[in-house]
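**Student:** Quick one: the structure is below, questions incoming.
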Amino acid sequence: METVLKIQSIKKAYRIGKILVPALRDITFEVSEGEFLTIFGPSGSGKSTLLHLIGCLDRPDAGEILIEGVNVLRLSDDRLAELRLNKIGFVFQFFNLLPKISALRNVELPLAITGMPEKESIERAKEMLALMGLETRMHHRPSEISGGEQQRVAMARALINNPKIVLADEPTGNLDTKTGWEIVQLMKKLNREKKQTFIVVTHDPHIAETADRIVYLKDGLIETIKEATRSN
């Protein structure tokens, strides 16, 4: 399979007062198109920092990030914004839904930003929510649906532009065990059916083992990369 993402010698540090604290140190790996990859490690290992760099929400101090062969660090801010909108979908732990609008409007928003006609964007958002099993909840606001349903709405929004890469940062961290597992299985189903690349940050070993491969992080370094023992 083709390489959709290449991370080469990435380094990132943060300054706290007069102290420079390394977050990532010489990170290198590749991700294939259609792969389901988890980034696993304890709190403070650099998982979320790495995901934010992959998603072009931050820039590394050194190294290269290539998405479909394009070095994103050489792109202008406008080109980066376009890449995030069209190539990358984000799923966050705390859903990040707009509270005053319906689930349907939350999902439709990325299409509205692209300038798609409202009738077409609404129909596509309805189709995506139906895929998530939310046909009867699409006109509810976030506060009117459960946490698991909110995360499904967030996933629908992340997938609405048919991104090449879906990034999920602790997507089950704010959910109970049963609901969290349902979200993981839904991500796996979408990965199989849509052939989209999923990169999921987690500190839960059970979730990590659902992947095709696991990147183990500790203290800003890759300890190992290995195939999961059970990727279902």
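The chains in the structure tokens are called A, B, ... from first to last as shown; in each chain the residues are counted from 1, and the ligands are counted from 1 in the order shown.
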Could you build a table of the residues in stretch 108-180 of chain A lying no more than 9 Å from stretch 184-201 of chain A, giving for each the nearest pair of atoms and their separation in Å rounded to one decimal place, using only C-alpha atoms, ordered by chain and ascending residue number, as CSV?
**Tutor:**
```
residue,atom,partner,partner_atom,distance
A:Met132,CA,A:Leu186,CA,8.1
A:Arg152,CA,A:Leu186,CA,8.7
A:Met155,CA,A:Met187,CA,8.5
A:Asn162,CA,A:Gln196,CA,8.2
A:Pro163,CA,A:Gln196,CA,7.4
A:Lys164,CA,A:Gln196,CA,5.7
A:Ile165,CA,A:Thr197,CA,4.8
A:Val166,CA,A:Phe198,CA,4.8
A:Leu167,CA,A:Ile199,CA,5.0
A:Ala168,CA,A:Val200,CA,4.7
A:Asp169,CA,A:Val201,CA,4.9
A:Glu170,CA,A:Val201,CA,5.4
A:Pro171,CA,A:Val200,CA,7.8
A:Thr172,CA,A:Val184,CA,7.7
A:Thr179,CA,A:Val184,CA,8.8
A:Gly180,CA,A:Val184,CA,6.4
```
**Student:** Would you save the residues from that selection as a short mmCIF file (atom, residue, chain, number, x, y, z; two decimals), in the first residue's frame, using C-alpha atoms?
**Tutor:**
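Produced file again26.cif, reproduced below:
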```cif
data_model
loop_
_atom_site.label_atom_id
_atom_site.label_comp_id
_atom_site.auth_asym_id
_atom_site.auth_seq_id
_atom_site.Cartn_x
_atom_site.Cartn_y
_atom_site.Cartn_z
CA MET A 132 -23.60 6.79 12.45
CA ARG A 152 -20.70 9.94 16.88
CA MET A 155 -17.00 11.54 13.99
CA ASN A 162 -14.01 12.38 3.07
CA PRO A 163 -10.52 13.06 4.49
CA LYS A 164 -7.52 10.90 3.70
CA ILE A 165 -6.51 10.77 7.38
CA VAL A 166 -8.71 10.73 10.48
CA LEU A 167 -6.96 11.76 13.71
CA ALA A 168 -8.57 10.81 17.03
CA ASP A 169 -7.14 12.11 20.32
CA GLU A 170 -8.33 9.90 23.22
CA PRO A 171 -11.77 9.56 21.56
CA THR A 172 -13.08 7.30 24.34
CA THR A 179 -19.85 3.32 25.03
CA GLY A 180 -16.12 3.81 24.42
#
```
**Student:** Select from stretch 90-121 of chain A everything DSSP, run on the backbone, classes as helix (DSSP H, G or I), then give the selection as a ChimeraX atom specification.
**Tutor:** /A:103-114,118-121
**Student:** Take the residues from that selection and write them out as a PDB file, in the first residue's frame, keeping N, CA and C atoms.
**Tutor:**
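As a result, part_4.pdb now contains:
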```pdb
ATOM      1  N   ALA A 103     -27.176  18.794  15.860  1.00  0.00           N
ATOM      2  CA  ALA A 103     -26.185  17.830  15.388  1.00  0.00           C
ATOM      3  C   ALA A 103     -26.016  17.942  13.875  1.00  0.00           C
ATOM      4  N   LEU A 104     -27.120  18.102  13.170  1.00  0.00           N
ATOM      5  CA  LEU A 104     -27.075  18.227  11.712  1.00  0.00           C
ATOM      6  C   LEU A 104     -26.236  19.424  11.287  1.00  0.00           C
ATOM      7  N   ARG A 105     -26.443  20.556  11.911  1.00  0.00           N
ATOM      8  CA  ARG A 105     -25.693  21.756  11.548  1.00  0.00           C
ATOM      9  C   ARG A 105     -24.224  21.638  11.940  1.00  0.00           C
ATOM     10  N   ASN A 106     -23.931  20.966  13.056  1.00  0.00           N
ATOM     11  CA  ASN A 106     -22.544  20.733  13.440  1.00  0.00           C
ATOM     12  C   ASN A 106     -21.810  19.924  12.372  1.00  0.00           C
ATOM     13  N   VAL A 107     -22.473  18.910  11.846  1.00  0.00           N
ATOM     14  CA  VAL A 107     -21.844  18.049  10.836  1.00  0.00           C
ATOM     15  C   VAL A 107     -21.732  18.766   9.502  1.00  0.00           C
ATOM     16  N   GLU A 108     -22.715  19.580   9.187  1.00  0.00           N
ATOM     17  CA  GLU A 108     -22.745  20.275   7.902  1.00  0.00           C
ATOM     18  C   GLU A 108     -21.738  21.418   7.813  1.00  0.00           C
ATOM     19  N   LEU A 109     -21.276  21.905   8.955  1.00  0.00           N
ATOM     20  CA  LEU A 109     -20.435  23.097   9.011  1.00  0.00           C
ATOM     21  C   LEU A 109     -19.193  23.034   8.117  1.00  0.00           C
ATOM     22  N   PRO A 110     -18.393  21.941   8.139  1.00  0.00           N
ATOM     23  CA  PRO A 110     -17.208  21.921   7.269  1.00  0.00           C
ATOM     24  C   PRO A 110     -17.548  22.073   5.784  1.00  0.00           C
ATOM     25  N   LEU A 111     -18.698  21.536   5.368  1.00  0.00           N
ATOM     26  CA  LEU A 111     -19.100  21.677   3.971  1.00  0.00           C
ATOM     27  C   LEU A 111     -19.493  23.111   3.667  1.00  0.00           C
ATOM     28  N   ALA A 112     -20.137  23.764   4.623  1.00  0.00           N
ATOM     29  CA  ALA A 112     -20.508  25.170   4.437  1.00  0.00           C
ATOM     30  C   ALA A 112     -19.263  26.027   4.255  1.00  0.00           C
ATOM     31  N   ILE A 113     -18.203  25.686   4.989  1.00  0.00           N
ATOM     32  CA  ILE A 113     -16.950  26.447   4.882  1.00  0.00           C
ATOM     33  C   ILE A 113     -16.361  26.328   3.482  1.00  0.00           C
ATOM     34  N   THR A 114     -16.546  25.176   2.847  1.00  0.00           N
ATOM     35  CA  THR A 114     -16.000  24.978   1.494  1.00  0.00           C
ATOM     36  C   THR A 114     -16.823  25.716   0.437  1.00  0.00           C
ATOM     37  N   GLU A 118     -26.171  24.956   0.254  1.00  0.00           N
ATOM     38  CA  GLU A 118     -26.751  24.468   1.498  1.00  0.00           C
ATOM     39  C   GLU A 118     -27.573  23.195   1.316  1.00  0.00           C
ATOM     40  N   LYS A 119     -28.363  23.130   0.264  1.00  0.00           N
ATOM     41  CA  LYS A 119     -29.200  21.944   0.056  1.00  0.00           C
ATOM     42  C   LYS A 119     -28.356  20.691  -0.050  1.00  0.00           C
ATOM     43  N   GLU A 120     -27.274  20.770  -0.808  1.00  0.00           N
ATOM     44  CA  GLU A 120     -26.395  19.613  -0.987  1.00  0.00           C
ATOM     45  C   GLU A 120     -25.657  19.271   0.304  1.00  0.00           C
ATOM     46  N   SER A 121     -25.175  20.295   1.007  1.00  0.00           N
ATOM     47  CA  SER A 121     -24.417  20.033   2.237  1.00  0.00           C
ATOM     48  C   SER A 121     -25.307  19.428   3.318  1.00  0.00           C
TER      49      SER A 121
END
```
**Student:** Let's see if you can do this: from backbone DSSP, list all strand (DSSP E) residues in stretch 63-224 of chain A, as a ChimeraX atom specification.
**Tutor:** /A:63-67,70-71,88-92,165-169,197-202,213-218,221-224
**Student:** Can I get the selected residues back with N, CA and C atoms, as a tab-separated table (two decimals), in the first residue's frame?
**Tutor:**
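The resulting result_1.tsv:
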```tsv
chain	number	residue	atom	x	y	z
A	63	GLY	N	12.71	18.50	11.67
A	63	GLY	CA	12.19	17.31	11.02
A	63	GLY	C	11.23	17.64	9.89
A	64	GLU	N	10.61	16.60	9.33
A	64	GLU	CA	9.71	16.75	8.20
A	64	GLU	C	8.42	15.96	8.44
A	65	ILE	N	7.31	16.49	7.94
A	65	ILE	CA	6.03	15.79	7.94
A	65	ILE	C	5.50	15.83	6.52
A	66	LEU	N	5.35	14.66	5.90
A	66	LEU	CA	4.88	14.58	4.53
A	66	LEU	C	3.52	13.89	4.50
A	67	ILE	N	2.54	14.55	3.90
A	67	ILE	CA	1.22	13.97	3.69
A	67	ILE	C	1.02	13.82	2.19
A	70	VAL	N	3.71	15.50	0.21
A	70	VAL	CA	3.88	16.96	0.32
A	70	VAL	C	4.41	17.31	1.70
A	71	ASN	N	5.50	18.04	1.75
A	71	ASN	CA	6.06	18.49	3.02
A	71	ASN	C	5.21	19.65	3.54
A	88	ILE	N	-7.73	16.11	6.31
A	88	ILE	CA	-7.61	15.61	7.67
A	88	ILE	C	-8.92	15.80	8.42
A	89	GLY	N	-9.36	14.75	9.11
A	89	GLY	CA	-10.52	14.84	9.98
A	89	GLY	C	-10.08	14.69	11.42
A	90	PHE	N	-10.66	15.48	12.33
A	90	PHE	CA	-10.26	15.47	13.74
A	90	PHE	C	-11.41	14.98	14.62
A	91	VAL	N	-11.08	14.07	15.53
A	91	VAL	CA	-12.02	13.63	16.56
A	91	VAL	C	-11.33	13.84	17.90
A	92	PHE	N	-11.97	14.60	18.81
A	92	PHE	CA	-11.34	14.95	20.07
A	92	PHE	C	-12.06	14.28	21.25
A	165	ILE	N	-6.98	11.19	6.07
A	165	ILE	CA	-6.51	10.77	7.38
A	165	ILE	C	-7.49	11.26	8.44
A	166	VAL	N	-7.87	10.36	9.34
A	166	VAL	CA	-8.71	10.73	10.48
A	166	VAL	C	-7.86	10.62	11.75
A	167	LEU	N	-7.75	11.71	12.49
A	167	LEU	CA	-6.96	11.76	13.71
A	167	LEU	C	-7.89	11.80	14.91
A	168	ALA	N	-7.70	10.88	15.85
A	168	ALA	CA	-8.57	10.81	17.03
A	168	ALA	C	-7.70	10.88	18.29
A	169	ASP	N	-7.93	11.89	19.10
A	169	ASP	CA	-7.14	12.11	20.32
A	169	ASP	C	-7.95	11.65	21.54
A	197	THR	N	-7.50	6.21	6.44
A	197	THR	CA	-6.44	5.99	7.42
A	197	THR	C	-6.86	6.59	8.76
A	198	PHE	N	-6.77	5.78	9.82
A	198	PHE	CA	-7.09	6.25	11.17
A	198	PHE	C	-5.82	6.23	12.01
A	199	ILE	N	-5.56	7.32	12.71
A	199	ILE	CA	-4.47	7.40	13.69
A	199	ILE	C	-5.10	7.80	15.01
A	200	VAL	N	-5.06	6.89	15.99
A	200	VAL	CA	-5.78	7.07	17.24
A	200	VAL	C	-4.81	7.12	18.41
A	201	VAL	N	-4.82	8.20	19.16
A	201	VAL	CA	-4.03	8.32	20.39
A	201	VAL	C	-4.82	7.73	21.55
A	202	THR	N	-4.17	6.89	22.35
A	202	THR	CA	-4.84	6.30	23.49
A	202	THR	C	-3.82	5.90	24.57
A	213	ARG	N	-1.27	-1.62	13.66
A	213	ARG	CA	0.05	-1.45	14.29
A	213	ARG	C	-0.07	-0.48	15.45
A	214	ILE	N	0.88	-0.60	16.38
A	214	ILE	CA	0.92	0.27	17.56
A	214	ILE	C	2.29	0.95	17.62
A	215	VAL	N	2.26	2.29	17.76
A	215	VAL	CA	3.48	3.05	18.02
A	215	VAL	C	3.53	3.30	19.53
A	216	TYR	N	4.53	2.74	20.20
A	216	TYR	CA	4.68	2.91	21.64
A	216	TYR	C	5.59	4.10	21.92
A	217	LEU	N	5.03	5.11	22.63
A	217	LEU	CA	5.79	6.30	22.99
A	217	LEU	C	6.08	6.31	24.49
A	218	LYS	N	7.26	6.79	24.83
A	218	LYS	CA	7.60	7.00	26.24
A	218	LYS	C	8.65	8.10	26.32
A	221	LEU	N	10.00	9.56	23.07
A	221	LEU	CA	10.74	8.67	22.17
A	221	LEU	C	9.87	7.48	21.79
A	222	ILE	N	10.11	6.93	20.60
A	222	ILE	CA	9.44	5.71	20.20
A	222	ILE	C	10.20	4.53	20.80
A	223	GLU	N	9.53	3.80	21.69
A	223	GLU	CA	10.13	2.59	22.26
A	223	GLU	C	10.16	1.47	21.25
A	224	THR	N	9.02	1.28	20.57
A	224	THR	CA	8.91	0.24	19.55
A	224	THR	C	7.68	0.49	18.70
```
**Student:** Give me the residues within 12 Å of A:Leu80 as an MDAnalysis selection string, counting only C-alpha atoms and dropping any in the same chain fewer than 5 places off.
**Tutor:** chainID A and resid 53:59 67 70:75 85:88
**Student:** Take the residues from that selection and write them out as an mmCIF file, in the first residue's frame, keeping N, CA and C atoms.
**Tutor:**
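Everything below was put into out_17.cif:
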```cif
data_model
loop_
_atom_site.group_PDB
_atom_site.id
_atom_site.type_symbol
_atom_site.label_atom_id
_atom_site.label_comp_id
_atom_site.auth_asym_id
_atom_site.auth_seq_id
_atom_site.Cartn_x
_atom_site.Cartn_y
_atom_site.Cartn_z
ATOM 1 N N LEU A 53 0.932 17.776 15.698
ATOM 2 C CA LEU A 53 1.892 18.051 14.624
ATOM 3 C C LEU A 53 1.443 17.392 13.323
ATOM 4 N N ILE A 54 0.981 16.141 13.404
ATOM 5 C CA ILE A 54 0.490 15.447 12.216
ATOM 6 C C ILE A 54 -0.692 16.199 11.615
ATOM 7 N N GLY A 55 -1.550 16.729 12.485
ATOM 8 C CA GLY A 55 -2.730 17.451 12.029
ATOM 9 C C GLY A 55 -2.488 18.889 11.642
ATOM 10 N N CYS A 56 -1.233 19.311 11.646
ATOM 11 C CA CYS A 56 -0.855 20.669 11.241
ATOM 12 C C CYS A 56 -1.468 21.735 12.144
ATOM 13 N N LEU A 57 -1.718 21.374 13.400
ATOM 14 C CA LEU A 57 -2.179 22.348 14.387
ATOM 15 C C LEU A 57 -1.010 23.034 15.075
ATOM 16 N N ASP A 58 0.185 22.476 14.903
ATOM 17 C CA ASP A 58 1.404 23.035 15.474
ATOM 18 C C ASP A 58 2.555 22.650 14.567
ATOM 19 N N ARG A 59 3.693 23.294 14.746
ATOM 20 C CA ARG A 59 4.862 23.007 13.924
ATOM 21 C C ARG A 59 5.993 22.446 14.785
ATOM 22 N N ILE A 67 2.538 14.545 3.900
ATOM 23 C CA ILE A 67 1.219 13.965 3.689
ATOM 24 C C ILE A 67 1.019 13.816 2.192
ATOM 25 N N VAL A 70 3.714 15.501 0.207
ATOM 26 C CA VAL A 70 3.885 16.963 0.322
ATOM 27 C C VAL A 70 4.408 17.305 1.704
ATOM 28 N N ASN A 71 5.504 18.040 1.751
ATOM 29 C CA ASN A 71 6.062 18.489 3.024
ATOM 30 C C ASN A 71 5.215 19.650 3.541
ATOM 31 N N VAL A 72 4.390 19.356 4.540
ATOM 32 C CA VAL A 72 3.422 20.352 5.009
ATOM 33 C C VAL A 72 4.097 21.532 5.679
ATOM 34 N N LEU A 73 5.333 21.362 6.122
ATOM 35 C CA LEU A 73 6.028 22.446 6.808
ATOM 36 C C LEU A 73 6.469 23.546 5.851
ATOM 37 N N ARG A 74 6.381 23.276 4.567
ATOM 38 C CA ARG A 74 6.731 24.284 3.569
ATOM 39 C C ARG A 74 5.515 25.012 3.019
ATOM 40 N N LEU A 75 4.327 24.654 3.509
ATOM 41 C CA LEU A 75 3.108 25.267 3.005
ATOM 42 C C LEU A 75 2.816 26.582 3.726
ATOM 43 N N LEU A 85 -8.714 21.168 6.112
ATOM 44 C CA LEU A 85 -10.134 21.084 5.799
ATOM 45 C C LEU A 85 -10.449 19.902 4.896
ATOM 46 N N ASN A 86 -9.575 19.628 3.938
ATOM 47 C CA ASN A 86 -9.884 18.645 2.902
ATOM 48 C C ASN A 86 -9.202 17.289 3.065
ATOM 49 N N LYS A 87 -8.111 17.234 3.800
ATOM 50 C CA LYS A 87 -7.341 15.990 3.878
ATOM 51 C C LYS A 87 -7.365 15.338 5.252
ATOM 52 N N ILE A 88 -7.732 16.109 6.306
ATOM 53 C CA ILE A 88 -7.608 15.614 7.674
ATOM 54 C C ILE A 88 -8.920 15.799 8.418
#
```
**Student:** Give the answer as one residue: which of A:Ala62, A:Val21, A:Ile27, A:Ala156 has the shortest atom-to-atom distance to A:Lys6, using only C-alpha atoms?
**Tutor:**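 Counting only C-alpha atoms, the residue closest to A:Lys6 is A:Ile27.
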**Student:** Go through A:His206, A:Glu82, A:Phe36, A:Leu129 one by one, measure the shortest atom-to-atom distance of each to A:Glu227 using only C-alpha atoms, and give the residue with the smallest value.
**Tutor:** A:Phe36
**Student:** For A:Gly133, list every protein, DNA or RNA residue within 10 Å, evaluated using only C-alpha atoms, and leave out those in the same chain fewer than 6 positions away; present the list as a list in words.
**Tutor:** Glu127, Glu149, Arg152 and Val153 of chain A
**Student:** From the options A:Gly148, A:Asp61, A:Thr38, A:Met1, which residue's atoms come nearest to A:Pro22, counting only C-alpha atoms?
**Tutor:**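 Of all the options, A:Asp61 lies closest to A:Pro22.
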**Student:** Could you work out how far atom CA of A:Glu144 lies from atom CA of A:His52, giving the answer in Å with one decimal?
**Tutor:** 29.6 Å
**Student:** Would you mind reading off the distance between atom CA of A:Ala158 and atom CA of A:Ile207, one decimal, in Å?
**Tutor:**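 Value for the atom CA of A:Ala158-atom CA of A:Ile207 distance: 19.8 Å.
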